[in-house]
>>> print(open('query04.pdb').read())   # PDB, N, CA and C atoms
ATOM      1  N   MET A   1     -11.403  24.448 -17.880  1.00  0.00           N
ATOM      2  CA  MET A   1     -11.289  23.142 -18.459  1.00  0.00           C
ATOM      3  C   MET A   1     -11.288  22.066 -17.372  1.00  0.00           C
ATOM      4  N   LYS A   2     -11.065  22.459 -16.122  1.00  0.00           N
ATOM      5  CA  LYS A   2     -11.027  21.503 -15.033  1.00  0.00           C
ATOM      6  C   LYS A   2     -12.436  21.025 -14.700  1.00  0.00           C
ATOM      7  N   LYS A   3     -12.595  19.707 -14.610  1.00  0.00           N
ATOM      8  CA  LYS A   3     -13.899  19.130 -14.318  1.00  0.00           C
ATOM      9  C   LYS A   3     -13.947  18.660 -12.872  1.00  0.00           C
ATOM     10  N   ASP A   4     -15.115  18.763 -12.286  1.00  0.00           N
ATOM     11  CA  ASP A   4     -15.286  18.235 -10.936  1.00  0.00           C
ATOM     12  C   ASP A   4     -15.333  16.721 -11.011  1.00  0.00           C
ATOM     13  N   LYS A   5     -14.597  16.092 -10.111  1.00  0.00           N
ATOM     14  CA  LYS A   5     -14.553  14.639 -10.097  1.00  0.00           C
ATOM     15  C   LYS A   5     -15.325  14.126  -8.899  1.00  0.00           C
ATOM     16  N   LYS A   6     -15.990  13.006  -9.093  1.00  0.00           N
ATOM     17  CA  LYS A   6     -16.686  12.379  -7.977  1.00  0.00           C
ATOM     18  C   LYS A   6     -15.676  11.696  -7.065  1.00  0.00           C
ATOM     19  N   TYR A   7     -14.599  11.174  -7.654  1.00  0.00           N
ATOM     20  CA  TYR A   7     -13.582  10.474  -6.885  1.00  0.00           C
ATOM     21  C   TYR A   7     -12.213  10.906  -7.385  1.00  0.00           C
ATOM     22  N   ASP A   8     -11.389  11.385  -6.476  1.00  0.00           N
ATOM     23  CA  ASP A   8     -10.047  11.841  -6.829  1.00  0.00           C
ATOM     24  C   ASP A   8      -9.040  10.828  -6.301  1.00  0.00           C
ATOM     25  N   ALA A   9      -8.543   9.979  -7.185  1.00  0.00           N
ATOM     26  CA  ALA A   9      -7.628   8.902  -6.800  1.00  0.00           C
ATOM     27  C   ALA A   9      -6.309   9.446  -6.253  1.00  0.00           C
ATOM     28  N   VAL A  10      -5.809  10.522  -6.820  1.00  0.00           N
ATOM     29  CA  VAL A  10      -4.544  11.101  -6.360  1.00  0.00           C
ATOM     30  C   VAL A  10      -4.696  11.617  -4.932  1.00  0.00           C
ATOM     31  N   LYS A  11      -5.793  12.284  -4.673  1.00  0.00           N
ATOM     32  CA  LYS A  11      -6.049  12.806  -3.333  1.00  0.00           C
ATOM     33  C   LYS A  11      -6.144  11.654  -2.320  1.00  0.00           C
ATOM     34  N   GLU A  12      -6.815  10.590  -2.713  1.00  0.00           N
ATOM     35  CA  GLU A  12      -6.961   9.429  -1.838  1.00  0.00           C
ATOM     36  C   GLU A  12      -5.611   8.772  -1.571  1.00  0.00           C
ATOM     37  N   ALA A  13      -4.776   8.642  -2.602  1.00  0.00           N
ATOM     38  CA  ALA A  13      -3.453   8.042  -2.443  1.00  0.00           C
ATOM     39  C   ALA A  13      -2.591   8.880  -1.511  1.00  0.00           C
ATOM     40  N   ARG A  14      -2.670  10.185  -1.629  1.00  0.00           N
ATOM     41  CA  ARG A  14      -1.903  11.068  -0.742  1.00  0.00           C
ATOM     42  C   ARG A  14      -2.357  10.926   0.703  1.00  0.00           C
ATOM     43  N   LYS A  15      -3.663  10.809   0.887  1.00  0.00           N
ATOM     44  CA  LYS A  15      -4.210  10.660   2.234  1.00  0.00           C
ATOM     45  C   LYS A  15      -3.730   9.354   2.869  1.00  0.00           C
ATOM     46  N   VAL A  16      -3.772   8.278   2.114  1.00  0.00           N
ATOM     47  CA  VAL A  16      -3.331   6.974   2.612  1.00  0.00           C
ATOM     48  C   VAL A  16      -1.839   7.007   2.920  1.00  0.00           C
ATOM     49  N   ARG A  17      -1.064   7.589   2.013  1.00  0.00           N
ATOM     50  CA  ARG A  17       0.391   7.665   2.217  1.00  0.00           C
ATOM     51  C   ARG A  17       0.727   8.471   3.469  1.00  0.00           C
ATOM     52  N   GLU A  18       0.023   9.571   3.695  1.00  0.00           N
ATOM     53  CA  GLU A  18       0.263  10.401   4.876  1.00  0.00           C
ATOM     54  C   GLU A  18      -0.089   9.637   6.154  1.00  0.00           C
ATOM     55  N   LYS A  19      -1.196   8.911   6.124  1.00  0.00           N
ATOM     56  CA  LYS A  19      -1.620   8.124   7.286  1.00  0.00           C
ATOM     57  C   LYS A  19      -0.579   7.056   7.625  1.00  0.00           C
ATOM     58  N   LEU A  20      -0.124   6.328   6.598  1.00  0.00           N
ATOM     59  CA  LEU A  20       0.876   5.292   6.827  1.00  0.00           C
ATOM     60  C   LEU A  20       2.198   5.886   7.278  1.00  0.00           C
ATOM     61  N   SER A  21       2.547   7.036   6.748  1.00  0.00           N
ATOM     62  CA  SER A  21       3.788   7.701   7.131  1.00  0.00           C
ATOM     63  C   SER A  21       3.781   8.019   8.621  1.00  0.00           C
ATOM     64  N   GLU A  22       2.681   8.559   9.096  1.00  0.00           N
ATOM     65  CA  GLU A  22       2.564   8.884  10.522  1.00  0.00           C
ATOM     66  C   GLU A  22       2.608   7.616  11.375  1.00  0.00           C
ATOM     67  N   GLU A  23       1.903   6.585  10.917  1.00  0.00           N
ATOM     68  CA  GLU A  23       1.843   5.324  11.656  1.00  0.00           C
ATOM     69  C   GLU A  23       3.227   4.679  11.747  1.00  0.00           C
ATOM     70  N   TYR A  24       3.950   4.632  10.633  1.00  0.00           N
ATOM     71  CA  TYR A  24       5.250   3.980  10.613  1.00  0.00           C
ATOM     72  C   TYR A  24       6.332   4.834  11.261  1.00  0.00           C
ATOM     73  N   PHE A  25       6.138   6.144  11.326  1.00  0.00           N
ATOM     74  CA  PHE A  25       7.089   7.007  12.025  1.00  0.00           C
ATOM     75  C   PHE A  25       7.057   6.684  13.515  1.00  0.00           C
ATOM     76  N   LYS A  26       5.863   6.404  14.018  1.00  0.00           N
ATOM     77  CA  LYS A  26       5.710   6.067  15.432  1.00  0.00           C
ATOM     78  C   LYS A  26       6.206   4.654  15.726  1.00  0.00           C
ATOM     79  N   ASP A  27       6.069   3.745  14.749  1.00  0.00           N
ATOM     80  CA  ASP A  27       6.415   2.340  14.950  1.00  0.00           C
ATOM     81  C   ASP A  27       7.148   1.799  13.720  1.00  0.00           C
ATOM     82  N   PRO A  28       8.468   2.075  13.617  1.00  0.00           N
ATOM     83  CA  PRO A  28       9.225   1.605  12.455  1.00  0.00           C
ATOM     84  C   PRO A  28       9.224   0.082  12.307  1.00  0.00           C
ATOM     85  N   GLU A  29       9.162  -0.630  13.410  1.00  0.00           N
ATOM     86  CA  GLU A  29       9.122  -2.092  13.337  1.00  0.00           C
ATOM     87  C   GLU A  29       7.811  -2.575  12.716  1.00  0.00           C
ATOM     88  N   GLY A  30       6.757  -1.805  12.884  1.00  0.00           N
ATOM     89  CA  GLY A  30       5.479  -2.132  12.268  1.00  0.00           C
ATOM     90  C   GLY A  30       5.574  -2.095  10.754  1.00  0.00           C
ATOM     91  N   GLN A  31       6.358  -1.167  10.245  1.00  0.00           N
ATOM     92  CA  GLN A  31       6.562  -1.078   8.801  1.00  0.00           C
ATOM     93  C   GLN A  31       7.301  -2.315   8.302  1.00  0.00           C
ATOM     94  N   GLU A  32       8.309  -2.741   9.040  1.00  0.00           N
ATOM     95  CA  GLU A  32       9.054  -3.941   8.658  1.00  0.00           C
ATOM     96  C   GLU A  32       8.140  -5.160   8.627  1.00  0.00           C
ATOM     97  N   LYS A  33       7.290  -5.288   9.637  1.00  0.00           N
ATOM     98  CA  LYS A  33       6.366  -6.420   9.714  1.00  0.00           C
ATOM     99  C   LYS A  33       5.383  -6.396   8.539  1.00  0.00           C
ATOM    100  N   ALA A  34       4.840  -5.219   8.244  1.00  0.00           N
ATOM    101  CA  ALA A  34       3.876  -5.082   7.153  1.00  0.00           C
ATOM    102  C   ALA A  34       4.534  -5.373   5.809  1.00  0.00           C
ATOM    103  N   SER A  35       5.761  -4.888   5.628  1.00  0.00           N
ATOM    104  CA  SER A  35       6.480  -5.121   4.376  1.00  0.00           C
ATOM    105  C   SER A  35       6.781  -6.600   4.191  1.00  0.00           C
ATOM    106  N   LYS A  36       7.203  -7.250   5.260  1.00  0.00           N
ATOM    107  CA  LYS A  36       7.520  -8.678   5.191  1.00  0.00           C
ATOM    108  C   LYS A  36       6.263  -9.488   4.855  1.00  0.00           C
ATOM    109  N   ALA A  37       5.149  -9.151   5.497  1.00  0.00           N
ATOM    110  CA  ALA A  37       3.894  -9.860   5.247  1.00  0.00           C
ATOM    111  C   ALA A  37       3.450  -9.679   3.793  1.00  0.00           C
ATOM    112  N   ALA A  38       3.580  -8.468   3.275  1.00  0.00           N
ATOM    113  CA  ALA A  38       3.186  -8.196   1.888  1.00  0.00           C
ATOM    114  C   ALA A  38       4.088  -8.950   0.916  1.00  0.00           C
ATOM    115  N   ARG A  39       5.393  -8.958   1.195  1.00  0.00           N
ATOM    116  CA  ARG A  39       6.327  -9.689   0.334  1.00  0.00           C
ATOM    117  C   ARG A  39       5.970 -11.164   0.276  1.00  0.00           C
ATOM    118  N   GLU A  40       5.725 -11.753   1.430  1.00  0.00           N
ATOM    119  CA  GLU A  40       5.392 -13.173   1.485  1.00  0.00           C
ATOM    120  C   GLU A  40       4.082 -13.463   0.737  1.00  0.00           C
ATOM    121  N   LYS A  41       3.109 -12.593   0.908  1.00  0.00           N
ATOM    122  CA  LYS A  41       1.817 -12.781   0.251  1.00  0.00           C
ATOM    123  C   LYS A  41       1.968 -12.761  -1.277  1.00  0.00           C
ATOM    124  N   TYR A  42       2.675 -11.758  -1.787  1.00  0.00           N
ATOM    125  CA  TYR A  42       2.778 -11.619  -3.232  1.00  0.00           C
ATOM    126  C   TYR A  42       3.759 -12.604  -3.844  1.00  0.00           C
ATOM    127  N   GLU A  43       4.774 -13.017  -3.098  1.00  0.00           N
ATOM    128  CA  GLU A  43       5.667 -14.062  -3.597  1.00  0.00           C
ATOM    129  C   GLU A  43       4.889 -15.356  -3.783  1.00  0.00           C
ATOM    130  N   GLN A  44       4.006 -15.666  -2.841  1.00  0.00           N
ATOM    131  CA  GLN A  44       3.197 -16.873  -2.943  1.00  0.00           C
ATOM    132  C   GLN A  44       2.247 -16.781  -4.136  1.00  0.00           C
ATOM    133  N   GLN A  45       1.656 -15.618  -4.355  1.00  0.00           N
ATOM    134  CA  GLN A  45       0.755 -15.452  -5.488  1.00  0.00           C
ATOM    135  C   GLN A  45       1.502 -15.623  -6.809  1.00  0.00           C
ATOM    136  N   LEU A  46       2.728 -15.122  -6.878  1.00  0.00           N
ATOM    137  CA  LEU A  46       3.519 -15.284  -8.099  1.00  0.00           C
ATOM    138  C   LEU A  46       3.858 -16.750  -8.334  1.00  0.00           C
ATOM    139  N   LYS A  47       4.195 -17.446  -7.276  1.00  0.00           N
ATOM    140  CA  LYS A  47       4.496 -18.879  -7.398  1.00  0.00           C
ATOM    141  C   LYS A  47       3.264 -19.643  -7.880  1.00  0.00           C
ATOM    142  N   ASP A  48       2.101 -19.287  -7.346  1.00  0.00           N
ATOM    143  CA  ASP A  48       0.862 -19.942  -7.749  1.00  0.00           C
ATOM    144  C   ASP A  48       0.557 -19.695  -9.225  1.00  0.00           C
ATOM    145  N   LYS A  49       0.807 -18.491  -9.709  1.00  0.00           N
ATOM    146  CA  LYS A  49       0.546 -18.175 -11.118  1.00  0.00           C
ATOM    147  C   LYS A  49       1.479 -18.947 -12.036  1.00  0.00           C
ATOM    148  N   LYS A  50       2.726 -19.120 -11.617  1.00  0.00           N
ATOM    149  CA  LYS A  50       3.712 -19.799 -12.449  1.00  0.00           C
ATOM    150  C   LYS A  50       3.389 -21.288 -12.578  1.00  0.00           C
ATOM    151  N   THR A  51       2.758 -21.861 -11.548  1.00  0.00           N
ATOM    152  CA  THR A  51       2.486 -23.291 -11.585  1.00  0.00           C
ATOM    153  C   THR A  51       1.217 -23.604 -12.375  1.00  0.00           C
ATOM    154  N   LYS A  52       0.428 -22.618 -12.702  1.00  0.00           N
ATOM    155  CA  LYS A  52      -0.820 -22.848 -13.445  1.00  0.00           C
ATOM    156  C   LYS A  52      -0.582 -23.027 -14.902  1.00  0.00           C
TER     157      LYS A  52
END
>>> encode(input="query04.pdb", output="structure tokens")
Amino acid sequence: MKKDKKYDAVKEARKVREKLSEEYFKDPEGQEKASKAAREKYEQQLKDKKTK
């Protein structure tokens, strides 16, 4: 019943998560910087949506 998929989203998500895990394990401060940047970006987008 299993079908071959052209694109496996779960596999891709695991690959990305593993890559980031290794990167942030080496540089925990990099994770903090990335998280802060993402928070600021999405907070601004939410503010922009509310004002429309």
>>> atom_distance(input="query04.pdb", atom1="atom N of A:Ala34", atom2="atom N of A:Asp48")
21.2 Å
>>> atom_distance(input="query04.pdb", atom1="atom CA of A:Glu43", atom2="atom N of A:Gln31")
18.9 Å
>>> atom_distance(input="query04.pdb", atom1="atom CA of A:Val16", atom2="atom CA of A:Pro28")
16.8 Å
